[in-house]
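Asks: One file is attached below, work09.cif, containing mmCIF, C-alpha atoms.
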data_start
#
loop_
_atom_site.label_atom_id
_atom_site.label_comp_id
_atom_site.auth_asym_id
_atom_site.auth_seq_id
_atom_site.Cartn_x
_atom_site.Cartn_y
_atom_site.Cartn_z
CA MET A 1 29.12 -141.72 -117.14
CA PRO A 2 30.79 -138.60 -118.54
CA GLU A 3 34.31 -137.79 -117.40
CA GLU A 4 34.65 -135.16 -114.69
CA LEU A 5 38.00 -133.36 -114.50
CA TYR A 6 39.00 -131.38 -111.40
CA ASP A 7 42.11 -129.44 -110.52
CA VAL A 8 42.21 -130.88 -107.00
CA VAL A 9 40.52 -133.96 -105.55
CA ILE A 10 40.74 -134.29 -101.78
CA ILE A 11 40.23 -137.71 -100.25
CA GLY A 12 39.01 -137.13 -96.71
CA SER A 13 36.52 -134.71 -95.16
CA GLY A 14 38.04 -134.16 -91.74
CA PRO A 15 39.79 -130.95 -90.64
CA ALA A 16 42.82 -131.45 -92.90
CA GLY A 17 40.72 -132.11 -95.99
CA LEU A 18 38.30 -129.27 -95.32
CA GLN A 19 41.07 -126.71 -94.76
CA ALA A 20 42.82 -127.95 -97.91
CA ALA A 21 39.61 -127.39 -99.83
CA ILE A 22 39.29 -123.82 -98.54
CA ASN A 23 42.81 -122.90 -99.60
CA ALA A 24 42.61 -124.65 -102.96
CA VAL A 25 39.28 -123.16 -103.98
CA ARG A 26 40.43 -119.68 -102.97
CA LYS A 27 43.16 -120.09 -105.58
CA LYS A 28 40.35 -120.49 -108.14
CA ALA A 29 40.99 -124.21 -108.56
CA THR A 30 38.12 -126.62 -109.15
CA VAL A 31 37.91 -128.79 -106.04
CA LEU A 32 36.12 -132.01 -105.13
CA VAL A 33 36.12 -133.34 -101.56
CA LEU A 34 35.30 -137.02 -101.05
CA GLY A 35 34.60 -138.86 -97.81
CA ARG A 36 32.23 -139.15 -94.89
CA PRO A 37 32.77 -136.80 -91.94
CA GLU A 38 31.57 -139.44 -89.48
CA ARG A 39 34.74 -141.38 -90.33
CA SER A 40 36.86 -138.50 -89.04
CA SER A 41 38.39 -138.93 -85.59
CA LEU A 42 37.10 -135.42 -84.88
CA TYR A 43 33.48 -136.51 -85.31
CA LYS A 44 33.01 -137.80 -81.75
CA ALA A 45 35.76 -135.73 -80.16
CA HIS A 46 35.48 -132.70 -77.90
CA ILE A 47 37.69 -129.72 -78.68
CA GLU A 48 38.87 -127.16 -76.14
CA ASN A 49 42.58 -126.66 -76.92
CA TYR A 50 42.22 -125.04 -80.35
CA LEU A 51 43.05 -121.40 -80.96
CA CYS A 52 40.05 -119.03 -80.81
CA VAL A 53 37.67 -121.80 -79.73
CA ASP A 54 36.17 -120.79 -76.39
CA GLY A 55 35.00 -123.56 -74.10
CA VAL A 56 34.34 -127.11 -75.28
CA ARG A 57 33.04 -127.62 -78.81
CA GLU A 58 31.69 -130.82 -80.31
CA GLY A 59 33.64 -132.24 -83.23
CA VAL A 60 30.48 -133.03 -85.16
CA GLU A 61 29.49 -129.36 -84.95
CA LEU A 62 32.86 -128.15 -86.24
CA LEU A 63 32.79 -130.60 -89.15
CA ALA A 64 29.29 -129.49 -90.15
CA MET A 65 30.42 -125.87 -90.15
CA GLY A 66 33.45 -126.78 -92.26
CA LEU A 67 31.41 -128.65 -94.84
CA ASP A 68 29.05 -125.71 -95.18
CA GLN A 69 31.98 -123.33 -95.50
CA ILE A 70 33.80 -125.18 -98.30
CA GLN A 71 30.63 -125.42 -100.37
CA ARG A 72 29.85 -121.74 -99.91
CA PHE A 73 33.35 -120.97 -101.14
CA GLY A 74 32.76 -123.09 -104.25
CA ALA A 75 34.16 -126.55 -103.57
CA GLU A 76 32.10 -129.61 -104.42
CA TYR A 77 31.48 -132.26 -101.79
CA SER A 78 30.41 -135.87 -102.25
CA PRO A 79 29.94 -138.11 -99.18
CA GLU A 80 31.19 -141.36 -100.64
CA ASP A 81 34.20 -143.64 -100.29
CA VAL A 82 37.02 -143.89 -102.78
CA LEU A 83 37.53 -147.45 -104.00
CA HIS A 84 40.56 -147.10 -106.23
CA VAL A 85 43.10 -144.58 -107.51
CA GLU A 86 45.20 -144.82 -110.67
CA HIS A 87 47.97 -142.62 -112.01
CA ALA A 88 47.68 -142.13 -115.76
CA SER A 89 50.01 -139.68 -117.52
CA ASP A 90 49.46 -136.22 -115.99
CA THR A 91 46.16 -137.00 -114.26
CA PHE A 92 44.80 -139.29 -111.57
CA ALA A 93 41.71 -141.45 -112.00
CA VAL A 94 39.58 -141.82 -108.88
CA ARG A 95 36.95 -144.55 -108.64
CA VAL A 96 34.18 -144.00 -106.09
CA GLU A 97 31.15 -145.92 -104.89
CA SER A 98 28.72 -144.24 -107.25
CA GLY A 99 30.78 -145.17 -110.30
CA ARG A 100 31.49 -141.56 -111.27
CA ASN A 101 34.34 -141.16 -113.75
CA ILE A 102 36.52 -138.69 -111.85
CA LYS A 103 39.91 -137.41 -112.94
CA SER A 104 42.11 -134.85 -111.26
CA ARG A 105 45.31 -132.95 -111.95
CA SER A 106 46.34 -133.33 -108.31
CA LEU A 107 45.41 -135.38 -105.26
CA ILE A 108 45.45 -134.69 -101.54
CA PHE A 109 45.28 -137.61 -99.13
CA ALA A 110 43.62 -136.37 -95.95
CA THR A 111 42.02 -139.63 -94.95
CA GLY A 112 43.14 -139.60 -91.35
CA THR A 113 43.75 -142.97 -89.75
CA SER A 114 41.27 -145.66 -88.87
CA ARG A 115 41.39 -146.51 -85.19
CA LYS A 116 41.34 -150.25 -84.62
CA LYS A 117 38.35 -151.37 -82.61
CA LEU A 118 38.19 -153.89 -79.77
CA LYS A 119 34.88 -155.20 -81.11
CA VAL A 120 33.53 -155.97 -77.67
CA LYS A 121 30.13 -155.38 -76.11
CA GLY A 122 29.60 -151.77 -75.09
CA GLU A 123 32.34 -150.27 -77.27
CA LYS A 124 30.15 -148.96 -80.06
CA GLU A 125 27.36 -147.85 -77.75
CA LEU A 126 29.69 -145.85 -75.49
CA ALA A 127 31.96 -144.32 -78.12
CA GLY A 128 32.43 -140.70 -77.14
CA LYS A 129 30.81 -141.42 -73.78
CA GLY A 130 33.87 -142.74 -72.01
CA VAL A 131 35.31 -144.79 -74.86
CA SER A 132 38.14 -142.91 -76.57
CA TYR A 133 40.71 -143.72 -79.26
CA CYS A 134 43.02 -140.78 -78.63
CA VAL A 135 44.81 -140.06 -75.35
CA ASP A 136 46.27 -136.78 -76.64
CA CYS A 137 42.79 -135.57 -77.62
CA ASP A 138 40.78 -136.56 -74.57
CA ALA A 139 43.10 -136.95 -71.57
CA ASN A 140 42.09 -133.58 -70.13
CA PHE A 141 38.48 -134.74 -69.79
CA TYR A 142 39.54 -137.41 -67.30
CA ARG A 143 41.22 -135.34 -64.62
CA GLN A 144 41.07 -137.16 -61.28
CA ALA A 145 39.16 -140.01 -62.89
CA LYS A 146 39.91 -143.73 -63.00
CA VAL A 147 40.77 -144.94 -66.51
CA VAL A 148 41.92 -147.98 -68.47
CA VAL A 149 44.21 -148.14 -71.49
CA VAL A 150 44.14 -151.28 -73.61
CA GLY A 151 46.82 -152.27 -76.12
CA ASN A 152 50.00 -154.27 -76.55
CA GLU A 153 52.34 -151.79 -78.19
CA SER A 154 54.10 -148.48 -77.59
CA ALA A 155 51.02 -146.35 -78.26
CA ALA A 156 49.23 -147.97 -75.33
CA VAL A 157 52.17 -147.71 -72.93
CA ASP A 158 52.86 -144.10 -73.88
CA GLY A 159 49.17 -143.30 -73.50
CA ALA A 160 49.04 -144.84 -70.03
CA LEU A 161 52.10 -142.89 -68.93
CA THR A 162 50.60 -139.67 -70.30
CA LEU A 163 47.35 -140.25 -68.43
CA LEU A 164 49.21 -140.39 -65.12
CA GLY A 165 49.39 -136.62 -65.37
CA TYR A 166 45.61 -136.37 -65.48
CA ALA A 167 43.79 -139.35 -64.02
CA SER A 168 43.74 -140.45 -60.38
CA GLU A 169 44.20 -144.09 -61.33
CA VAL A 170 45.50 -145.66 -64.55
CA HIS A 171 45.26 -149.32 -65.58
CA LEU A 172 46.94 -150.86 -68.62
CA VAL A 173 45.50 -154.06 -70.09
CA ALA A 174 47.74 -156.03 -72.46
CA ARG A 175 48.00 -159.59 -73.63
CA GLU A 176 51.77 -159.23 -74.08
CA LEU A 177 53.64 -155.95 -74.25
CA GLY A 178 55.79 -155.59 -77.35
CA VAL A 179 57.76 -152.48 -76.42
CA SER A 180 61.39 -151.47 -76.01
CA LYS A 181 63.26 -152.19 -72.78
CA GLU A 182 63.44 -148.45 -72.15
CA LEU A 183 59.68 -148.00 -72.39
CA GLN A 184 59.11 -151.16 -70.37
CA LYS A 185 61.29 -149.75 -67.59
CA LYS A 186 59.41 -146.44 -67.62
CA LEU A 187 56.19 -148.36 -67.25
CA SER A 188 57.57 -150.52 -64.43
CA ASP A 189 58.79 -147.44 -62.55
CA SER A 190 55.48 -145.63 -62.99
CA GLY A 191 52.23 -145.72 -61.07
CA VAL A 192 50.35 -147.54 -63.84
CA THR A 193 48.68 -150.80 -62.75
CA VAL A 194 49.42 -153.39 -65.43
CA HIS A 195 47.08 -156.31 -66.15
CA SER A 196 49.09 -158.60 -68.43
CA GLY A 197 48.07 -161.82 -70.11
CA THR A 198 44.45 -160.78 -70.34
CA TRP A 199 42.18 -158.60 -72.48
CA VAL A 200 38.98 -156.58 -72.35
CA ALA A 201 35.83 -158.71 -72.55
CA GLU A 202 33.14 -156.04 -72.09
CA ILE A 203 32.67 -152.33 -71.46
CA VAL A 204 29.88 -151.70 -68.97
CA GLY A 205 27.67 -148.62 -68.77
CA GLU A 206 24.43 -147.02 -69.90
CA THR A 207 24.95 -143.30 -70.44
CA GLY A 208 28.69 -143.52 -69.81
CA VAL A 209 31.46 -146.00 -68.98
CA GLN A 210 31.09 -147.44 -65.49
CA ALA A 211 33.37 -150.46 -65.56
CA VAL A 212 35.53 -152.67 -67.75
CA LEU A 213 35.37 -156.47 -67.49
CA LEU A 214 38.51 -158.44 -68.30
CA GLU A 215 38.74 -161.96 -69.68
CA ASP A 216 40.33 -163.19 -66.43
CA GLY A 217 37.23 -162.12 -64.48
CA THR A 218 38.61 -158.85 -63.11
CA ARG A 219 36.17 -155.95 -62.96
CA LEU A 220 37.73 -152.48 -63.09
CA GLU A 221 35.48 -149.66 -61.88
CA VAL A 222 36.51 -146.82 -64.18
CA GLU A 223 35.05 -143.80 -65.96
CA GLY A 224 36.96 -144.09 -69.20
CA ILE A 225 38.73 -146.52 -71.49
CA PHE A 226 41.33 -145.56 -74.09
CA ILE A 227 41.70 -148.04 -76.93
CA GLU A 228 45.23 -147.69 -78.28
CA LEU A 229 45.73 -150.63 -80.61
CA GLY A 230 47.81 -148.65 -83.07
CA ALA A 231 46.38 -146.66 -85.94
CA LYS A 232 45.99 -148.33 -89.29
CA GLY A 233 46.05 -145.64 -91.92
CA ALA A 234 43.88 -145.80 -95.02
CA LEU A 235 47.06 -146.36 -97.02
CA GLU A 236 46.00 -148.84 -99.68
CA LEU A 237 44.90 -146.09 -102.04
CA ALA A 238 48.18 -144.25 -101.67
CA THR A 239 50.40 -147.27 -102.09
CA SER A 240 48.50 -148.33 -105.20
CA ILE A 241 50.10 -145.36 -106.98
CA ALA A 242 53.49 -145.91 -105.31
CA VAL A 243 53.24 -143.17 -102.70
CA GLN A 244 56.05 -143.68 -100.21
CA LEU A 245 55.31 -144.56 -96.58
CA ASP A 246 57.45 -143.83 -93.54
CA SER A 247 60.37 -146.25 -93.37
CA GLU A 248 59.99 -147.18 -89.69
CA THR A 249 56.37 -148.12 -89.15
CA PHE A 250 54.83 -147.98 -92.66
CA THR A 251 51.70 -146.44 -91.16
CA HIS A 252 51.99 -142.87 -92.49
CA ILE A 253 52.65 -141.13 -95.77
CA GLU A 254 56.03 -139.44 -96.11
CA CYS A 255 55.89 -135.81 -97.20
CA ASN A 256 57.99 -132.66 -97.01
CA LYS A 257 57.16 -129.23 -95.58
CA LYS A 258 55.10 -128.46 -98.67
CA GLN A 259 53.11 -131.64 -97.93
CA GLU A 260 54.44 -133.11 -101.20
CA THR A 261 54.84 -136.87 -101.44
CA ASN A 262 57.34 -138.67 -103.65
CA ILE A 263 54.75 -138.67 -106.46
CA THR A 264 54.45 -135.37 -108.32
CA GLY A 265 51.00 -133.89 -107.89
CA VAL A 266 50.18 -135.93 -104.78
CA TYR A 267 50.04 -134.38 -101.31
CA ALA A 268 49.15 -135.55 -97.80
CA ALA A 269 47.90 -133.76 -94.68
CA GLY A 270 46.59 -134.53 -91.22
CA ASP A 271 46.79 -137.80 -89.32
CA ILE A 272 47.73 -139.74 -92.47
CA ALA A 273 50.95 -137.68 -92.56
CA GLY A 274 51.96 -138.72 -89.04
CA HIS A 275 51.90 -137.61 -85.41
CA PRO A 276 50.76 -135.71 -83.50
CA TYR A 277 47.09 -136.48 -84.07
CA GLN A 278 45.82 -133.00 -83.37
CA MET A 279 43.30 -130.79 -85.16
CA ALA A 280 45.69 -127.83 -85.12
CA LYS A 281 48.34 -129.82 -86.95
CA ALA A 282 45.78 -131.20 -89.43
CA VAL A 283 44.44 -127.75 -90.27
CA GLY A 284 47.92 -126.32 -90.73
CA GLU A 285 49.01 -129.11 -93.03
CA GLY A 286 45.70 -128.93 -94.91
CA CYS A 287 46.29 -125.23 -95.51
CA VAL A 288 49.71 -125.91 -97.05
CA ALA A 289 48.55 -128.94 -99.05
CA GLY A 290 45.57 -127.10 -100.52
CA TRP A 291 47.70 -124.14 -101.55
CA GLU A 292 50.45 -126.28 -103.10
CA ALA A 293 48.11 -128.69 -104.88
CA ALA A 294 46.15 -125.81 -106.41
CA ASN A 295 49.33 -124.10 -107.59
CA TYR A 296 50.55 -127.31 -109.18
CA ALA A 297 47.22 -128.08 -110.86
CA LEU A 298 46.74 -124.58 -112.22
CA LYS A 299 50.26 -124.61 -113.64
CA GLN A 300 49.45 -127.93 -115.34
CA LYS A 301 46.24 -126.49 -116.73
CA ARG A 302 48.05 -123.48 -118.22
CA SER A 303 50.61 -125.76 -119.86
CA GLU A 304 47.77 -127.71 -121.51
CA GLY A 305 47.05 -124.48 -123.30
#
Would you encode the structure as structure tokens?
Replies:
Amino acid sequence: MPEELYDVVIIGSGPAGLQAAINAVRKKATVLVLGRPERSSLYKAHIENYLCVDGVREGVELLAMGLDQIQRFGAEYSPEDVLHVEHASDTFAVRVESGRNIKSRSLIFATGTSRKKLKVKGEKELAGKGVSYCVDCDANFYRQAKVVVVGNESAAVDGALTLLGYASEVHLVARELGVSKELQKKLSDSGVTVHSGTWVAEIVGETGVQAVLLEDGTRLEVEGIFIELGAKGALELATSIAVQLDSETFTHIECNKKQETNITGVYAAGDIAGHPYQMAKAVGEGCVAGWEAANYALKQKRSEG
């Protein structure tokens, strides 16, 4: 296949990637966005706490509008996964499913993070119908409801404590909590009901979550379950070209206020760049990353003469 050279290639088609595309293409850079919007955590989310959005909007609707917008502005979009990235001289080679020979003067990682799944009966069927992977995103939809959080680490404990401010009843299911003494004490002093030494066996419901069955035989009558197993970022592509990760958890890409990573010409935005996992933060970082990546790429192009 012939070589395709872009100024900016954006890996990820969620809110960070789409906003990056808008800003980059408005700088007259050639832009390619790669990724599937259904992989975005926004896809099955409900948005009501975003500036100028009135009422509750469906994430899938917002993503569709964004994809239409970037293409109208002149960006190219291809709904396929990236398999490999290489850094060669002043360009980056991007290998995708279709086998296209793509090169770019700059890269933006806006892949978000992949939420780990429980892989139990009912999880897939009820995703977005009572099954959530983000307490910060969806807690407000469970006011005065009974909910379960499942997970062994700090994300699960923090999520359960946060939900106390919304839900009428909060359960935490964990095989063995691996958290600090300070967080453990907060949990012990809270109103969260802890089910330790067990795990979720099944999520029950037809049109929405009705109950959660545990491996020890307990049945919890709840309206929602938050799966907080920690977020595994799509970091393999970044680390293959020596992009630096955060030094504490190694789950996010390190970048500065210009969204620059330690590798010249490589930027990151959105969930992949760290907490909080919010659309507002993703859009803001995408704006900066798109602007900076385009400026860098266009400067490189001029120097090529």
Asks: List, as a ChimeraX atom specification, every residue that the PyMOL selection byres ((chain A and resi 220) around 12) selects in the file provided.
Replies: /A:146-149,169-173,193-195,200-204,209-219,221-225
Asks: Could you take the residues named above and write them with C-alpha atoms, as a PDB file, keeping the file's coordinate frame?
Replies:
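Contents of part_10.pdb, as written:
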ATOM      1  CA  LYS A 146      39.910-143.730 -63.000  1.00  0.00           C
ATOM      2  CA  VAL A 147      40.770-144.940 -66.510  1.00  0.00           C
ATOM      3  CA  VAL A 148      41.920-147.980 -68.470  1.00  0.00           C
ATOM      4  CA  VAL A 149      44.210-148.140 -71.490  1.00  0.00           C
ATOM      5  CA  GLU A 169      44.200-144.090 -61.330  1.00  0.00           C
ATOM      6  CA  VAL A 170      45.500-145.660 -64.550  1.00  0.00           C
ATOM      7  CA  HIS A 171      45.260-149.320 -65.580  1.00  0.00           C
ATOM      8  CA  LEU A 172      46.940-150.860 -68.620  1.00  0.00           C
ATOM      9  CA  VAL A 173      45.500-154.060 -70.090  1.00  0.00           C
ATOM     10  CA  THR A 193      48.680-150.800 -62.750  1.00  0.00           C
ATOM     11  CA  VAL A 194      49.420-153.390 -65.430  1.00  0.00           C
ATOM     12  CA  HIS A 195      47.080-156.310 -66.150  1.00  0.00           C
ATOM     13  CA  VAL A 200      38.980-156.580 -72.350  1.00  0.00           C
ATOM     14  CA  ALA A 201      35.830-158.710 -72.550  1.00  0.00           C
ATOM     15  CA  GLU A 202      33.140-156.040 -72.090  1.00  0.00           C
ATOM     16  CA  ILE A 203      32.670-152.330 -71.460  1.00  0.00           C
ATOM     17  CA  VAL A 204      29.880-151.700 -68.970  1.00  0.00           C
ATOM     18  CA  VAL A 209      31.460-146.000 -68.980  1.00  0.00           C
ATOM     19  CA  GLN A 210      31.090-147.440 -65.490  1.00  0.00           C
ATOM     20  CA  ALA A 211      33.370-150.460 -65.560  1.00  0.00           C
ATOM     21  CA  VAL A 212      35.530-152.670 -67.750  1.00  0.00           C
ATOM     22  CA  LEU A 213      35.370-156.470 -67.490  1.00  0.00           C
ATOM     23  CA  LEU A 214      38.510-158.440 -68.300  1.00  0.00           C
ATOM     24  CA  GLU A 215      38.740-161.960 -69.680  1.00  0.00           C
ATOM     25  CA  ASP A 216      40.330-163.190 -66.430  1.00  0.00           C
ATOM     26  CA  GLY A 217      37.230-162.120 -64.480  1.00  0.00           C
ATOM     27  CA  THR A 218      38.610-158.850 -63.110  1.00  0.00           C
ATOM     28  CA  ARG A 219      36.170-155.950 -62.960  1.00  0.00           C
ATOM     29  CA  GLU A 221      35.480-149.660 -61.880  1.00  0.00           C
ATOM     30  CA  VAL A 222      36.510-146.820 -64.180  1.00  0.00           C
ATOM     31  CA  GLU A 223      35.050-143.800 -65.960  1.00  0.00           C
ATOM     32  CA  GLY A 224      36.960-144.090 -69.200  1.00  0.00           C
ATOM     33  CA  ILE A 225      38.730-146.520 -71.490  1.00  0.00           C
TER      34      ILE A 225
END
Asks: Can you list, as a PyMOL selection string, the residues that the PyMOL selection byres ((chain A and resi 4) around 10) selects here?
Replies: chain A and resi 1-3+5-6+93+100-104
Asks: Please indicate the distance in Å from atom CA of A:Cys52 to atom CA of A:Pro37, rounded to one decimal place.
Replies: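 Calculated distance between atom CA of A:Cys52 and atom CA of A:Pro37 is 22.2 Å.
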Asks: Which centre and edge lengths in Å to one decimal define the box along x, y and z that fits every listed atom of stretch 210-225 of chain A plus 3 Å per side, as lines of an AutoDock Vina configuration file?
Replies:
center_x = 35.7
center_y = -153.5
center_z = -66.7
size_x = 15.2
size_y = 25.4
size_z = 15.6
Asks: With the file shown as input, list the residues that the PyMOL selection byres ((chain A and resi 42) around 8) selects, as a list in words.
Replies: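 This file, filtered by the PyMOL selection byres ((chain A and resi 42) around 8), leaves Gly14, Pro15, Ser40, Ser41, Tyr43, Lys44, Ala45, His46, Gly59, Val60, Leu63 and Met279 of chain A.
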Asks: Would you list the contacts of A:Lys27 as a list in words, taking every protein, DNA or RNA residue within 10 Å and counting all atoms listed in the file, but skipping same-chain residues closer than 3 positions in sequence?
Replies: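 Using all atoms listed in the file, the neighbours found are Ala21, Ile22, Asn23, Ala24, Thr30, Gly290, Trp291, Glu292, Ala293, Ala294, Asn295 and Leu298 of chain A.
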Asks: So how far away is atom CA of A:Val288 from atom CA of A:Ala20, in Å?
Replies: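 Here the two named atoms are 7.2 Å from each other.
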Asks: Quick check, in Å to one decimal: how far apart do atom CA of A:Leu237 and atom CA of A:Gly128 lie?
Replies: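 Interatomic distance here is 28.4 Å.
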Asks: Excluding A:Gly159 and residues on its chain fewer than 4 positions from it, collect all residues at most 12 Å away from it, counting all atoms listed in the file, and give them as a ChimeraX atom specification.
Replies: /A:132-139,147-155,163-167,170-173,183,187,192,225-230
Asks: Between A:Gly191, A:Gly112, A:Gly122, A:Gly265, single out the one closest to A:Asp90, counting all atoms listed in the file.
Replies: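 Between A:Gly191, A:Gly112, A:Gly122, A:Gly265, the residue approaching A:Asp90 most closely is A:Gly265.
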